[in-house]
Structure formats: C-alpha cells, structure tokens
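Engineer: Enclosed is the structure file structure-v8.txt (compact mmCIF, C-alpha atoms).
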```txt
# COMPACT_ATOMS: atom_id res chain seq x y z
CA MET A 1 22.39 -36.51 -26.10
CA SER A 2 23.34 -33.93 -28.76
CA ARG A 3 20.55 -32.52 -30.89
CA ARG A 4 22.80 -32.69 -33.94
CA LYS A 5 21.94 -35.29 -36.57
CA ASP A 6 23.93 -36.80 -39.37
CA TYR A 7 23.21 -34.96 -42.60
CA SER A 8 22.74 -38.17 -44.56
CA LEU A 9 19.90 -39.09 -42.20
CA LEU A 10 18.40 -35.62 -42.52
CA GLN A 11 17.97 -36.11 -46.22
CA GLN A 12 16.09 -39.41 -46.04
CA THR A 13 12.60 -39.53 -47.48
CA GLY A 14 9.53 -40.23 -45.43
CA THR A 15 7.30 -38.53 -42.93
CA ASP A 16 10.25 -37.48 -40.75
CA GLN A 17 12.11 -35.75 -43.56
CA VAL A 18 13.99 -32.66 -42.40
CA ALA A 19 15.52 -30.13 -44.75
CA ALA A 20 19.32 -30.13 -44.86
CA PRO A 21 22.16 -28.70 -46.95
CA LYS A 22 22.48 -30.33 -50.37
CA PRO A 23 25.55 -30.55 -52.65
CA SER A 24 24.43 -27.81 -55.06
CA LEU A 25 27.66 -25.83 -55.55
CA THR A 26 29.96 -26.59 -58.49
CA LEU A 27 33.72 -26.12 -58.49
CA SER A 28 33.34 -22.78 -60.29
CA ASP A 29 30.75 -21.64 -57.73
CA ALA A 30 33.17 -22.42 -54.90
CA VAL A 31 36.06 -20.63 -56.63
CA ALA A 32 33.87 -17.57 -57.26
CA LEU A 33 32.81 -17.56 -53.61
CA ILE A 34 36.37 -17.73 -52.25
CA VAL A 35 37.74 -15.18 -54.73
CA GLY A 36 34.79 -12.94 -53.92
CA ILE A 37 35.52 -13.05 -50.20
CA VAL A 38 39.28 -12.52 -50.43
CA ILE A 39 39.42 -9.79 -53.08
CA GLY A 40 37.53 -7.15 -51.17
CA ALA A 41 38.62 -3.73 -50.00
CA GLY A 42 42.10 -4.77 -48.84
CA ILE A 43 43.88 -4.81 -52.19
CA PHE A 44 42.80 -1.19 -52.77
CA GLN A 45 44.13 0.03 -49.42
CA THR A 46 47.03 -2.11 -48.18
CA PRO A 47 49.51 -1.97 -51.14
CA ALA A 48 50.56 1.56 -50.18
CA LEU A 49 51.13 0.45 -46.57
CA VAL A 50 53.20 -2.52 -47.73
CA ALA A 51 55.25 -0.34 -50.09
CA SER A 52 56.06 2.10 -47.29
CA GLN A 53 57.64 -0.75 -45.29
CA ALA A 54 59.25 -2.85 -48.03
CA GLY A 55 61.99 -0.50 -49.26
CA SER A 56 62.25 -1.69 -52.88
CA ASP A 57 60.17 -2.85 -55.83
CA ILE A 58 61.51 -6.40 -55.55
CA ALA A 59 60.69 -6.51 -51.83
CA VAL A 60 57.09 -5.41 -52.51
CA LEU A 61 56.52 -8.21 -55.02
CA PHE A 62 58.31 -10.75 -52.82
CA LEU A 63 56.08 -9.92 -49.83
CA TRP A 64 52.92 -10.36 -51.89
CA LEU A 65 54.25 -13.65 -53.26
CA MET A 66 54.99 -14.83 -49.71
CA GLY A 67 51.44 -13.94 -48.73
CA GLY A 68 50.21 -16.33 -51.40
CA VAL A 69 52.60 -19.06 -50.23
CA ILE A 70 51.47 -18.71 -46.61
CA SER A 71 47.83 -18.78 -47.73
CA LEU A 72 48.58 -21.94 -49.70
CA VAL A 73 50.08 -23.55 -46.57
CA GLY A 74 46.93 -22.72 -44.64
CA GLY A 75 44.77 -23.89 -47.53
CA LEU A 76 46.45 -27.31 -47.49
CA CYS A 77 45.68 -27.64 -43.78
CA TYR A 78 42.05 -26.67 -44.28
CA ALA A 79 41.78 -28.97 -47.29
CA GLU A 80 42.58 -31.98 -45.11
CA LEU A 81 40.13 -30.93 -42.41
CA ALA A 82 37.35 -30.14 -44.88
CA THR A 83 37.70 -33.41 -46.84
CA VAL A 84 37.92 -35.61 -43.75
CA TYR A 85 35.14 -33.77 -41.89
CA PRO A 86 32.82 -32.19 -44.50
CA ASP A 87 30.35 -30.24 -42.43
CA VAL A 88 28.30 -27.07 -42.91
CA GLY A 89 29.75 -25.77 -39.64
CA GLY A 90 33.31 -25.79 -41.01
CA ALA A 91 35.88 -24.91 -38.34
CA TYR A 92 33.14 -25.14 -35.70
CA TYR A 93 32.96 -28.89 -36.31
CA TYR A 94 36.77 -29.34 -36.28
CA LEU A 95 37.07 -27.47 -32.97
CA LYS A 96 34.26 -29.51 -31.46
CA ARG A 97 35.93 -32.81 -32.37
CA ALA A 98 39.34 -31.63 -31.20
CA PHE A 99 38.54 -29.58 -28.08
CA GLY A 100 34.92 -30.27 -27.15
CA ARG A 101 31.59 -28.49 -27.26
CA GLY A 102 32.65 -25.61 -25.02
CA VAL A 103 35.40 -24.31 -27.32
CA ALA A 104 33.19 -24.91 -30.36
CA PHE A 105 30.38 -22.91 -28.78
CA LEU A 106 32.68 -19.96 -28.04
CA PHE A 107 33.95 -20.06 -31.63
CA ALA A 108 30.44 -20.04 -33.07
CA TRP A 109 29.44 -17.30 -30.62
CA ALA A 110 32.53 -15.26 -31.61
CA ARG A 111 31.83 -15.79 -35.30
CA MET A 112 28.20 -14.76 -34.89
CA THR A 113 28.86 -11.65 -32.77
CA VAL A 114 32.38 -10.54 -33.73
CA ILE A 115 34.24 -12.23 -36.60
CA GLN A 116 31.68 -12.66 -39.35
CA THR A 117 29.25 -9.91 -38.46
CA GLY A 118 32.14 -7.50 -37.88
CA SER A 119 33.55 -8.39 -41.29
CA ILE A 120 30.14 -7.86 -42.91
CA ALA A 121 29.84 -4.42 -41.28
CA LEU A 122 33.45 -3.55 -42.20
CA LEU A 123 32.95 -4.40 -45.87
CA ALA A 124 29.58 -2.66 -45.95
CA PHE A 125 31.17 0.54 -44.61
CA VAL A 126 33.78 0.47 -47.39
CA PHE A 127 30.98 -0.07 -49.92
CA GLY A 128 29.13 2.91 -48.45
CA ASP A 129 32.23 5.12 -48.53
CA TYR A 130 32.85 4.58 -52.24
CA VAL A 131 29.22 4.66 -53.39
CA SER A 132 28.86 7.93 -51.51
CA GLN A 133 31.53 9.41 -53.81
CA ILE A 134 29.20 8.67 -56.72
CA TRP A 135 25.85 9.64 -55.14
CA ARG A 136 25.78 11.03 -51.61
CA LEU A 137 22.75 10.56 -49.33
CA GLY A 138 23.49 13.22 -46.73
CA THR A 139 25.49 13.23 -43.49
CA PHE A 140 25.16 9.50 -42.80
CA SER A 141 25.45 8.41 -46.42
CA SER A 142 28.03 5.67 -45.83
CA SER A 143 26.01 4.12 -43.00
CA ILE A 144 22.79 4.24 -45.02
CA TYR A 145 24.40 2.50 -47.97
CA ALA A 146 26.01 -0.05 -45.62
CA ALA A 147 22.66 -0.91 -44.07
CA ILE A 148 20.97 -1.14 -47.47
CA ALA A 149 23.71 -3.51 -48.74
CA ILE A 150 23.38 -5.83 -45.72
CA ALA A 151 19.58 -5.92 -45.94
CA PHE A 152 19.51 -6.44 -49.72
CA LEU A 153 22.15 -9.19 -49.84
CA THR A 154 20.63 -11.00 -46.85
CA ALA A 155 17.27 -10.96 -48.65
CA LEU A 156 18.88 -12.46 -51.76
CA ASN A 157 20.37 -15.30 -49.72
CA ILE A 158 17.04 -15.88 -47.98
CA ILE A 159 15.32 -16.20 -51.35
CA GLY A 160 17.56 -19.18 -52.01
CA LEU A 161 20.96 -20.67 -52.79
CA GLN A 162 20.66 -20.28 -56.56
CA GLN A 163 20.00 -16.54 -56.34
CA GLY A 164 22.81 -16.08 -53.81
CA LYS A 165 25.42 -18.01 -55.76
CA TRP A 166 24.58 -16.40 -59.13
CA THR A 167 24.85 -12.96 -57.53
CA GLN A 168 28.25 -13.97 -56.19
CA ASN A 169 29.44 -15.35 -59.52
CA LEU A 170 28.49 -12.16 -61.37
CA LEU A 171 30.06 -9.86 -58.77
CA SER A 172 33.29 -11.91 -58.69
CA ALA A 173 33.53 -11.91 -62.50
CA ALA A 174 32.97 -8.14 -62.70
CA LYS A 175 35.54 -7.55 -59.97
CA VAL A 176 38.27 -9.68 -61.59
CA LEU A 177 37.68 -8.16 -65.04
CA GLY A 178 37.87 -4.65 -63.56
CA LEU A 179 41.10 -5.44 -61.74
CA LEU A 180 42.61 -6.89 -64.91
CA LEU A 181 41.75 -3.64 -66.72
CA VAL A 182 43.59 -1.68 -64.02
CA VAL A 183 46.54 -4.06 -64.41
CA ILE A 184 46.67 -3.57 -68.18
CA LEU A 185 46.47 0.21 -67.90
CA GLY A 186 49.12 0.31 -65.17
CA LEU A 187 51.53 -1.98 -66.99
CA THR A 188 51.22 -0.09 -70.28
CA ALA A 189 51.59 3.34 -68.65
CA ILE A 190 54.76 5.36 -69.01
CA PRO A 191 56.83 4.70 -65.86
CA ASN A 192 56.80 7.53 -63.36
CA SER A 193 60.37 8.77 -63.13
CA SER A 194 59.60 11.59 -60.67
CA ALA A 195 58.66 9.32 -57.76
CA ALA A 196 60.51 10.14 -54.57
CA PRO A 197 62.41 7.27 -52.94
CA VAL A 198 61.08 5.71 -49.77
CA GLU A 199 62.82 7.03 -46.67
CA SER A 200 65.29 4.52 -45.30
CA ALA A 201 63.83 4.91 -41.80
CA SER A 202 60.57 3.29 -42.92
CA SER A 203 62.03 0.48 -45.02
CA GLY A 204 62.74 -3.05 -43.95
CA ALA A 205 59.85 -3.54 -41.48
CA TRP A 206 58.77 -6.71 -43.22
CA GLY A 207 56.91 -8.08 -40.20
CA LEU A 208 54.47 -5.16 -40.20
CA ALA A 209 54.21 -5.36 -43.98
CA MET A 210 53.17 -9.02 -43.76
CA VAL A 211 50.36 -8.06 -41.37
CA PHE A 212 48.86 -5.92 -44.14
CA VAL A 213 49.58 -8.51 -46.84
CA LEU A 214 47.88 -11.35 -44.95
CA LEU A 215 44.95 -9.08 -44.12
CA SER A 216 44.38 -8.75 -47.86
CA TYR A 217 44.64 -12.54 -48.36
CA GLY A 218 42.20 -13.31 -45.55
CA GLY A 219 39.01 -15.20 -46.33
CA TRP A 220 40.10 -18.34 -48.24
CA ASN A 221 39.27 -20.40 -45.12
CA GLU A 222 35.57 -19.81 -45.80
CA ALA A 223 35.77 -22.82 -48.15
CA ALA A 224 35.35 -24.97 -45.03
CA TYR A 225 31.79 -23.71 -44.57
CA ILE A 226 30.59 -24.90 -47.97
CA SER A 227 32.15 -28.38 -47.68
CA ALA A 228 28.70 -29.96 -47.14
CA GLU A 229 27.22 -28.14 -50.15
CA ILE A 230 29.91 -28.58 -52.82
CA GLN A 231 29.54 -31.31 -55.42
CA ASP A 232 32.14 -34.09 -55.32
CA GLY A 233 33.48 -32.48 -52.16
CA ARG A 234 36.47 -34.76 -51.61
CA ARG A 235 38.02 -33.57 -54.87
CA ASN A 236 36.53 -30.12 -55.32
CA ILE A 237 37.33 -28.73 -51.87
CA VAL A 238 41.06 -29.15 -52.51
CA ARG A 239 40.77 -27.97 -56.10
CA SER A 240 38.70 -24.90 -55.17
CA LEU A 241 41.26 -23.83 -52.56
CA MET A 242 44.23 -24.33 -54.84
CA TRP A 243 42.61 -22.60 -57.83
CA SER A 244 41.32 -19.72 -55.72
CA ILE A 245 44.61 -19.01 -53.95
CA GLY A 246 46.48 -19.29 -57.26
CA ILE A 247 44.13 -16.81 -58.98
CA ILE A 248 44.25 -14.39 -56.06
CA THR A 249 48.06 -14.50 -55.80
CA THR A 250 48.43 -13.86 -59.54
CA ILE A 251 46.03 -10.90 -59.44
CA TYR A 252 47.73 -9.41 -56.38
CA LEU A 253 51.19 -9.65 -57.96
CA LEU A 254 49.98 -8.09 -61.20
CA ILE A 255 48.08 -5.24 -59.54
CA ASN A 256 51.10 -4.34 -57.39
CA LEU A 257 53.34 -4.48 -60.45
CA ALA A 258 50.89 -2.09 -62.15
CA TYR A 259 50.98 0.26 -59.16
CA LEU A 260 54.78 0.24 -59.13
CA ARG A 261 55.08 0.90 -62.87
CA GLY A 262 52.33 3.52 -63.01
CA LEU A 263 53.21 5.48 -59.86
CA GLY A 264 56.68 4.44 -58.75
CA LEU A 265 57.54 3.09 -55.30
CA GLY A 266 57.76 6.50 -53.61
CA ASN A 267 54.40 7.79 -54.84
CA MET A 268 52.83 4.43 -54.17
CA ALA A 269 54.07 4.42 -50.57
CA GLN A 270 52.79 7.96 -49.96
CA SER A 271 49.36 7.40 -51.53
CA GLU A 272 46.21 7.31 -49.41
CA ALA A 273 44.18 5.73 -52.25
CA VAL A 274 46.70 4.05 -54.52
CA ALA A 275 44.25 2.62 -57.06
CA ALA A 276 42.39 5.93 -57.39
CA ASP A 277 45.69 7.81 -57.76
CA LEU A 278 46.81 5.44 -60.51
CA MET A 279 43.56 5.79 -62.45
CA ARG A 280 43.45 9.57 -61.92
CA SER A 281 46.97 9.88 -63.33
CA LEU A 282 45.92 7.90 -66.42
CA TRP A 283 42.31 8.98 -67.05
CA GLY A 284 41.76 11.99 -64.81
CA GLU A 285 38.55 12.22 -62.75
CA PRO A 286 36.67 9.69 -64.94
CA GLY A 287 39.38 7.21 -63.99
CA ALA A 288 38.87 7.95 -60.30
CA LEU A 289 35.10 7.45 -60.77
CA PHE A 290 35.74 4.13 -62.50
CA ILE A 291 37.84 2.84 -59.61
CA SER A 292 35.18 3.95 -57.10
CA VAL A 293 32.61 1.83 -58.96
CA LEU A 294 35.06 -1.10 -59.09
CA ILE A 295 35.77 -0.93 -55.35
CA ALA A 296 32.04 -0.77 -54.65
CA ILE A 297 31.55 -3.95 -56.72
CA ALA A 298 34.49 -5.64 -54.98
CA THR A 299 33.18 -4.92 -51.49
CA LEU A 300 29.62 -5.83 -52.45
CA GLY A 301 30.83 -9.23 -53.67
CA ALA A 302 32.87 -9.81 -50.53
CA THR A 303 29.92 -8.78 -48.35
CA ASN A 304 27.59 -11.21 -50.13
CA ALA A 305 30.04 -14.11 -49.79
CA THR A 306 30.61 -13.33 -46.10
CA ILE A 307 26.85 -13.28 -45.45
CA PHE A 308 26.49 -16.60 -47.31
CA THR A 309 29.13 -18.48 -45.31
CA GLY A 310 28.52 -16.80 -41.95
CA ALA A 311 24.97 -18.10 -41.63
CA ARG A 312 26.26 -21.68 -41.97
CA THR A 313 28.08 -21.53 -38.61
CA ASN A 314 24.98 -20.08 -36.96
CA PHE A 315 23.00 -23.02 -38.34
CA ALA A 316 25.54 -25.48 -36.89
CA LEU A 317 25.36 -23.69 -33.52
CA GLY A 318 21.59 -24.04 -33.49
CA GLN A 319 21.88 -27.76 -34.25
CA ASP A 320 24.01 -28.36 -31.16
CA PHE A 321 22.76 -25.96 -28.50
CA SER A 322 19.11 -25.67 -27.51
CA LEU A 323 19.53 -22.02 -26.49
CA PHE A 324 19.97 -21.19 -30.18
CA GLY A 325 17.79 -23.99 -31.53
CA PHE A 326 15.72 -21.59 -33.64
CA MET A 327 18.76 -21.16 -35.94
CA GLY A 328 19.22 -24.91 -36.42
CA ARG A 329 16.44 -25.29 -38.99
CA TRP A 330 17.24 -25.41 -42.70
CA GLN A 331 14.43 -24.34 -45.00
CA GLN A 332 14.20 -26.75 -47.92
CA ARG A 333 12.45 -24.24 -50.19
CA PRO A 334 14.40 -22.05 -50.43
CA SER A 335 17.56 -23.97 -49.53
CA SER A 336 18.89 -21.65 -46.83
CA PRO A 337 19.03 -21.23 -43.02
CA ILE A 338 16.61 -18.28 -42.90
CA HIS A 339 16.60 -17.72 -39.13
CA ALA A 340 20.41 -17.81 -39.01
CA LEU A 341 20.59 -15.26 -41.83
CA LEU A 342 18.12 -12.93 -40.14
CA LEU A 343 19.94 -12.94 -36.79
CA GLN A 344 23.27 -12.39 -38.54
CA ALA A 345 21.82 -9.39 -40.40
CA ALA A 346 20.41 -7.93 -37.19
CA ILE A 347 23.81 -8.10 -35.44
CA ALA A 348 25.63 -6.68 -38.48
CA LEU A 349 23.16 -3.78 -38.65
CA ALA A 350 23.74 -3.13 -34.93
CA LEU A 351 27.49 -2.95 -35.62
CA VAL A 352 26.85 -0.50 -38.46
CA PHE A 353 25.00 1.65 -35.92
CA LEU A 354 27.96 1.34 -33.52
CA GLY A 355 30.38 2.36 -36.26
CA THR A 356 28.16 5.34 -37.06
CA LEU A 357 28.28 6.49 -33.44
CA THR A 358 32.09 6.27 -33.29
CA ARG A 359 32.42 8.00 -36.70
CA LYS A 360 35.22 5.51 -37.52
CA GLY A 361 33.31 2.58 -38.94
CA PHE A 362 36.08 0.79 -40.84
CA GLU A 363 38.81 1.26 -38.20
CA THR A 364 36.48 0.24 -35.38
CA MET A 365 35.52 -2.99 -37.14
CA VAL A 366 39.16 -3.90 -37.90
CA ASP A 367 40.10 -3.51 -34.23
CA TYR A 368 36.97 -5.37 -33.16
CA THR A 369 37.52 -8.47 -35.28
CA ALA A 370 41.27 -9.04 -35.80
CA PRO A 371 42.47 -10.57 -32.48
CA ILE A 372 39.49 -12.90 -32.18
CA PHE A 373 39.87 -14.04 -35.79
CA TRP A 374 43.54 -14.97 -35.44
CA PHE A 375 43.01 -16.67 -32.07
CA PHE A 376 40.46 -19.12 -33.47
CA PHE A 377 42.43 -19.48 -36.71
CA LEU A 378 45.34 -20.67 -34.56
CA LEU A 379 43.08 -23.15 -32.75
CA SER A 380 41.87 -24.49 -36.12
CA GLY A 381 45.45 -25.20 -37.13
CA ILE A 382 46.13 -26.93 -33.80
CA SER A 383 42.96 -29.01 -34.28
CA LEU A 384 44.54 -30.67 -37.33
CA LEU A 385 47.46 -31.85 -35.17
CA VAL A 386 45.13 -33.00 -32.38
CA LEU A 387 42.82 -34.93 -34.71
CA ARG A 388 45.74 -36.64 -36.49
CA ILE A 389 46.86 -37.98 -33.08
CA ARG A 390 43.40 -38.75 -31.69
CA GLU A 391 41.90 -40.31 -34.83
CA PRO A 392 44.83 -41.93 -36.67
CA HIS A 393 42.77 -44.62 -38.42
CA ILE A 394 40.11 -42.41 -39.99
CA VAL A 395 40.08 -42.34 -43.82
CA ARG A 396 41.74 -39.15 -45.09
CA PRO A 397 41.00 -38.48 -48.79
CA PHE A 398 43.60 -35.69 -48.70
CA ARG A 399 46.62 -35.49 -46.40
CA VAL A 400 48.51 -32.25 -45.93
CA PRO A 401 52.03 -32.72 -47.37
CA PHE A 402 55.13 -32.59 -45.18
CA TYR A 403 53.16 -33.25 -42.00
CA PRO A 404 53.71 -32.07 -39.24
CA PHE A 405 55.92 -29.22 -40.52
CA THR A 406 53.20 -27.68 -42.73
CA PRO A 407 50.56 -27.29 -39.96
CA LEU A 408 53.25 -26.19 -37.48
CA LEU A 409 54.31 -23.44 -39.90
CA PHE A 410 50.69 -22.40 -40.29
CA CYS A 411 50.21 -22.26 -36.51
CA THR A 412 53.37 -20.17 -36.13
CA VAL A 413 52.09 -17.61 -38.64
CA CYS A 414 48.70 -17.48 -36.92
CA GLY A 415 50.39 -16.94 -33.54
CA TYR A 416 52.43 -14.08 -34.95
CA LEU A 417 49.35 -12.42 -36.47
CA LEU A 418 47.49 -12.82 -33.16
CA TYR A 419 50.35 -11.04 -31.38
CA SER A 420 50.49 -8.31 -34.04
CA SER A 421 46.74 -7.71 -33.99
CA LEU A 422 46.83 -7.22 -30.22
CA VAL A 423 49.81 -4.84 -30.45
CA TYR A 424 48.45 -2.65 -33.26
CA THR A 425 44.75 -2.47 -32.31
CA GLY A 426 43.08 -0.32 -29.68
CA VAL A 427 39.85 -0.11 -27.73
CA GLY A 428 37.93 -2.01 -30.42
CA ALA A 429 39.97 -5.14 -29.67
CA VAL A 430 39.00 -4.94 -25.99
CA ALA A 431 35.34 -4.68 -26.99
CA GLY A 432 35.66 -7.79 -29.16
CA VAL A 433 37.27 -9.79 -26.35
CA LEU A 434 34.54 -8.73 -23.92
CA VAL A 435 31.79 -9.76 -26.34
CA VAL A 436 33.36 -13.21 -26.75
CA ALA A 437 33.73 -13.52 -22.96
CA ALA A 438 30.00 -12.78 -22.64
CA GLY A 439 29.41 -16.13 -24.36
CA ILE A 440 30.78 -18.03 -21.34
CA PRO A 441 27.72 -17.46 -19.08
CA LEU A 442 25.48 -18.31 -22.04
CA LEU A 443 27.34 -21.61 -22.44
CA LEU A 444 26.94 -22.37 -18.73
CA TRP A 445 23.23 -21.49 -18.88
CA ASN A 446 22.72 -23.73 -21.93
CA ASN A 447 24.46 -26.64 -20.18
CA TYR A 448 22.30 -26.06 -17.10
CA ARG A 449 19.12 -26.13 -19.19
CA GLN A 450 20.13 -29.30 -20.99
CA GLY A 451 21.11 -30.92 -17.70
CA ARG A 452 17.61 -30.38 -16.34
CA THR A 453 15.89 -31.95 -19.35
```
Just give me the structure of the file as structure tokens.

Structural biologist:
Amino acid sequence: MSRRKDYSLLQQTGTDQVAAPKPSLTLSDAVALIVGIVIGAGIFQTPALVASQAGSDIAVLFLWLMGGVISLVGGLCYAELATVYPDVGGAYYYLKRAFGRGVAFLFAWARMTVIQTGSIALLAFVFGDYVSQIWRLGTFSSSIYAAIAIAFLTALNIIGLQQGKWTQNLLSAAKVLGLLLVVILGLTAIPNSSAAPVESASSGAWGLAMVFVLLSYGGWNEAAYISAEIQDGRRNIVRSLMWSIGIITTIYLLINLAYLRGLGLGNMAQSEAVAADLMRSLWGEPGALFISVLIAIATLGATNATIFTGARTNFALGQDFSLFGFMGRWQQRPSSPIHALLLQAAIALALVFLGTLTRKGFETMVDYTAPIFWFFFLLSGISLLVLRIREPHIVRPFRVPFYPFTPLLFCTVCGYLLYSSLVYTGVGAVAGVLVVAAGIPLLLWNNYRQGRT
C-alpha cells in the first residue's frame, strides 16, 4: 500500500496530526512567484540571439509574441491538470496517475538531480557573474557568490513560507520596476541610425529563434507545484497563470521594442550583452553598473522561486517511496519541507562545484538540463490526454478550450524543443541523461524493499 496520504486527512486534529501544506498563498503571491521564475537571466541574453535569426524588427516582435501565445497554450493545459488534481507534487502527481509510479519516480528523480537543481545552479552562476562585476572575490568569485546565494535562499525557505514568499514578492517587484525603467529609457532614446543591417545569411531561421524565445518563457509551469498551497485554488490557479503569462509577454515585447529603438536591429543582433550595451549607450558606465545590479536581482528572484517549488516535488517523492522517506515530512512550524530543501541545496552546491571544474558553469548547466526538461514536459502534456480518456467522469473545474487540439499543439511544441535541445547541446546533455538513467536501479531497489515488507 502506498505511503502517501490524502492531504485533507493530514490536516485533521487529534493525536495523529501530521503537518501538511496549507493554502497560505494569495493570488498575488502566486503571480509574483511565477513572474519571478520566468523573468530570470534569459531576457538579458537571448534577445540578441533572436534578433540575429529574425531578419527584421517586425519578425523580432512577432517571435516574442508567439512565445507568449505558446506559453498561454501550455498554461491552459496545466490549468486543467492543476485544478482537477491539486497536489504539492504538481506534474509528479499527474504523471503518476497517467503512467504509474515508475514514470513518476523517474520524473521526481530527474527533477531532484537534473532539472530543478541544474536550474538553481544555472541561475546562481549568472547571479555570481554579474555581482562579480560589482565586487569581485578573487579567481572563483562567481562560484563563491553562487554558493552563497543557494545557501542563503535555502535558509530563508527553511525559516518558513512567509519569509520565502515575502522575499520573492520583493525581488519580483524590484525586477519588474527595473525592467520598466529600461523600457522607458530605451523607448525615449534617439533611434540609432548607424546600426548595420543583419546579414541575409543569418535571417529567417525562425525555428532556432523560437528555441531561445521559449527558453526565456520557461518556468510558468511551476504554478502546478503550489496548487495545494494557493488559496481558492480552483479559481486562482487559472487566474495566476493567465495574469503571469500576460504580464511576462507584455514586458518581453516592451523590452525588445526598447532594444530595437535604442540600438537598432544590427547592433542588437551583434551584441553580447544587449541590456548592458543599451544602458551604456544612454548612461555610460553607471548605466552598465545599474543593469548589472538589475540582472543580479532578477536571477536572485528566479533562484529563490526555483528553490521554493523544487523542494515540493522532493516532498512528494518522499511521501511515495520509502527509499526517500526522510524527505516526505512537512514541518508545521515553520511550514516547509526542511529535509527536501536541504537535499536540494546539497545537490545544487555539488553542481556549482562541477561547473567550477569545467570553467563553463552556465553553458554546462544549460546542456545538462534542457533535454530532460522538455522530455518530461512532453509527457505532462500527454498525461492530460490520457487522463481525459481514463477518467472521463471526474469533475473538472476548468477545461482546456478547443480540446484535443490545444494539448496536441502543446505536445507538438514540446516534441520540437526536445529535438532541438538534443541537436544543439553537447556532452552536458549526455551527463544529464546518464544521471536520470541512474534512477532506474534505485527504483528497482525501492520496489524490492517494499516487496519484502
């Protein structure tokens, strides 16, 4: 029999009371969390890559708009899953219902060792890179700052949900206000008439451009992992996804419009740090310093949100599998899965060490996480189709519109991104696949142990 218990039972009073997640997050908390995850380092790095492939100003804006539309399609699919099956494990729970405990275990294992921890390390490296431009701590400055960020933010989340969510709300607010300032400065700047046109040989590769666009939109799916902790979940899950994706799409369109007006398409496409180049052209070195601080805040907020949601899957894994049972305990005071947070931090710190050894922290983490992420994202989309067929009579507070075309479109996009991530990544992708494969013998060992009890 599964060790997992219904959360409503977990919250009963009496001598057998066990701590469990409580609906403590408001709609604004959820929106801040999702915006904080999505608007990380990507929007400061990928616009130049998109511009180099798009070929025209209109094409650049159209691609970023399409990224928002595709994210909205995925958000509608996740909204149905999260409202029908509100669970702290998020996609872990959907995969378990659709494909069984084995697939769910491998997903949780992948999220714990590759997807979430790799994303935490990736964001922490970017944070370290930009803070090091302000105050350097020697040869390994970026790695030191990355480790400090992971340890500090994990400690905040261990202290409790209130501290973690208020940190996230403040970081998200600072990030959005800073981006809006960049937008205003870029849009009011004198257009750059000296920008060289993009070479025709590099224009028109919209497929590659969409890879970078959707990388920057990634993270809205984390709403699934707070579905058991959001107030009035059946309404607010859908609303938080729609509001978040709408806000993010608007900001991304405006910031790209500011880049285009302030730098011109040619200079934008050739830039290695497009936001810094824009601010340097407007304010000189103080402008470049300002954008470094802004990017540090952006990545710190995304790191905190990723730590917050990642521990929830580890908690769900511990509830179901005795091998990781130590993570399946939720501390009532503070309201957080402390053991899950600590293990997640330990793995993320190990990945920071790995990135330090390779001397290519950010690139290594991108290669390490991308194929695994898109593979399980594809399975999550398929799970909606499977559960609609298998459980047709279950009450669905929200139904994805234009079923089955909407989830099929989402699955098609995920399949394309899986293919692209395998084509464009290197050795890091192989390492990620091997780490996930290492979970198979652990699954077999866990089943053997439970079979003997």

Engineer: Atom CA of A:Leu214 and atom CA of A:Met66, how far apart in Å?

Structural biologist: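 Distance reported for this atom pair: 9.2 Å.
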
Engineer: As an exercise, work out the distance from atom CA of A:Thr313 to atom CA of A:Gly89 in Å and give it to one decimal place.

Structural biologist: 4.7 Å

Engineer: Skipping near chain neighbours, those fewer than 5 positions away, what residues fall within 8 Å of A:Val435 using all atoms listed in the file, listed as a PDB file with C-alpha atoms, in the coordinates of the input?

Structural biologist:
```pdb
ATOM      1  CA  ALA A 110      32.530 -15.260 -31.610  1.00  0.00           C
ATOM      2  CA  THR A 113      28.860 -11.650 -32.770  1.00  0.00           C
ATOM      3  CA  VAL A 114      32.380 -10.540 -33.730  1.00  0.00           C
TER       4      VAL A 114
END
```

Engineer: Nearest residue to A:Ile248 out of A:Thr299, A:Ser71, A:Asn447, A:Gln45, using all atoms listed in the file?

Structural biologist: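 Among A:Thr299, A:Ser71, A:Asn447, A:Gln45, it is A:Ser71 that comes nearest to A:Ile248.
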
Engineer: I need the residue nearest A:Leu215 from this list: A:Ala370, A:Ala104, A:Leu442, A:Met279. Use all atoms listed in the file for the distance.

Structural biologist: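 Once distances to A:Leu215 are computed over all atoms listed in the file, the minimum belongs to A:Ala370.
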
Engineer: What does the structure give for the distance between atom CA of A:Ile440 and atom CA of A:Ala305, in Å to one decimal?

Structural biologist: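 Between atom CA of A:Ile440 and atom CA of A:Ala305 the gap is 28.7 Å.
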
Engineer: The residues within 7 Å of (39.9, -26.0, -39.9), using all atoms listed in the file and the coordinates of the file, should be reported as a PDB file with C-alpha atoms, keeping the file's coordinate frame; which are they?

Structural biologist:
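The resulting file, point.pdb, is shown below:
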```pdb
ATOM      1  CA  TYR A  78      42.050 -26.670 -44.280  1.00  0.00           C
ATOM      2  CA  LEU A  81      40.130 -30.930 -42.410  1.00  0.00           C
ATOM      3  CA  ALA A  82      37.350 -30.140 -44.880  1.00  0.00           C
ATOM      4  CA  GLY A  90      33.310 -25.790 -41.010  1.00  0.00           C
ATOM      5  CA  ALA A  91      35.880 -24.910 -38.340  1.00  0.00           C
ATOM      6  CA  TYR A  94      36.770 -29.340 -36.280  1.00  0.00           C
ATOM      7  CA  ALA A 224      35.350 -24.970 -45.030  1.00  0.00           C
ATOM      8  CA  SER A 380      41.870 -24.490 -36.120  1.00  0.00           C
ATOM      9  CA  GLY A 381      45.450 -25.200 -37.130  1.00  0.00           C
TER      10      GLY A 381
END
```

Engineer: Between A:Ala79, A:Ile43, A:Thr412, A:Val436, which one has atoms that come closest to A:Arg234, using only C-alpha atoms?

Structural biologist: A:Ala79

Engineer: Got a sec: who's within 9 Å of A:Leu49, counting all atoms listed in the file, leaving out chain neighbours fewer than 6 positions off, as a list in words?

Structural biologist: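 Within the cut-off, the hits are Ala209, Phe212, Met268, Ala269, Gln270, Ser271 and Glu272 of chain A.
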
Engineer: Taking all atoms listed in the file into account, which of A:Leu33, A:Leu25, A:Ala54, A:Leu185 comes nearest A:Gly287?

Structural biologist: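 When distances to A:Gly287 are compared using all atoms listed in the file, the smallest one comes from A:Leu185.
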
Engineer: Counting only C-alpha atoms, figure out which residue out of A:Trp109, A:Tyr259, A:Phe127, A:Phe402 gets nearest to A:Ala51.

Structural biologist: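 The answer is A:Tyr259, which sits nearest to A:Ala51.
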
Engineer: For A:Ile251, which residue among A:Tyr448, A:Phe152, A:Tyr416, A:Trp64 is the nearest when counting all atoms listed in the file?

Structural biologist: A:Trp64

Engineer: For A:Ala108, work out the shell of residues within 7 Å, counting all atoms listed in the file and skipping chain neighbours fewer than 5 positions away, then give it as a PyMOL selection string.

Structural biologist: chain A and resi 92+313-314+317

Engineer: Do you know which residues are at most 6 Å from A:Asn236 counting all atoms listed in the file, after dropping those on the same chain fewer than 4 positions away, and could you put them as a CSV table (one decimal) with C-alpha atoms, in the coordinates of the input?

Structural biologist:
```csv
chain,number,residue,atom,x,y,z
A,27,LEU,CA,33.7,-26.1,-58.5
A,232,ASP,CA,32.1,-34.1,-55.3
A,240,SER,CA,38.7,-24.9,-55.2
```

Engineer: May I have the residues within 7 Å of A:Leu187 as a list in words, using all atoms listed in the file and disregarding those fewer than 6 positions away in the same chain?

Structural biologist: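 With the cut-off at 7 Å, the set is Ala258, Arg261 and Gly262 of chain A.
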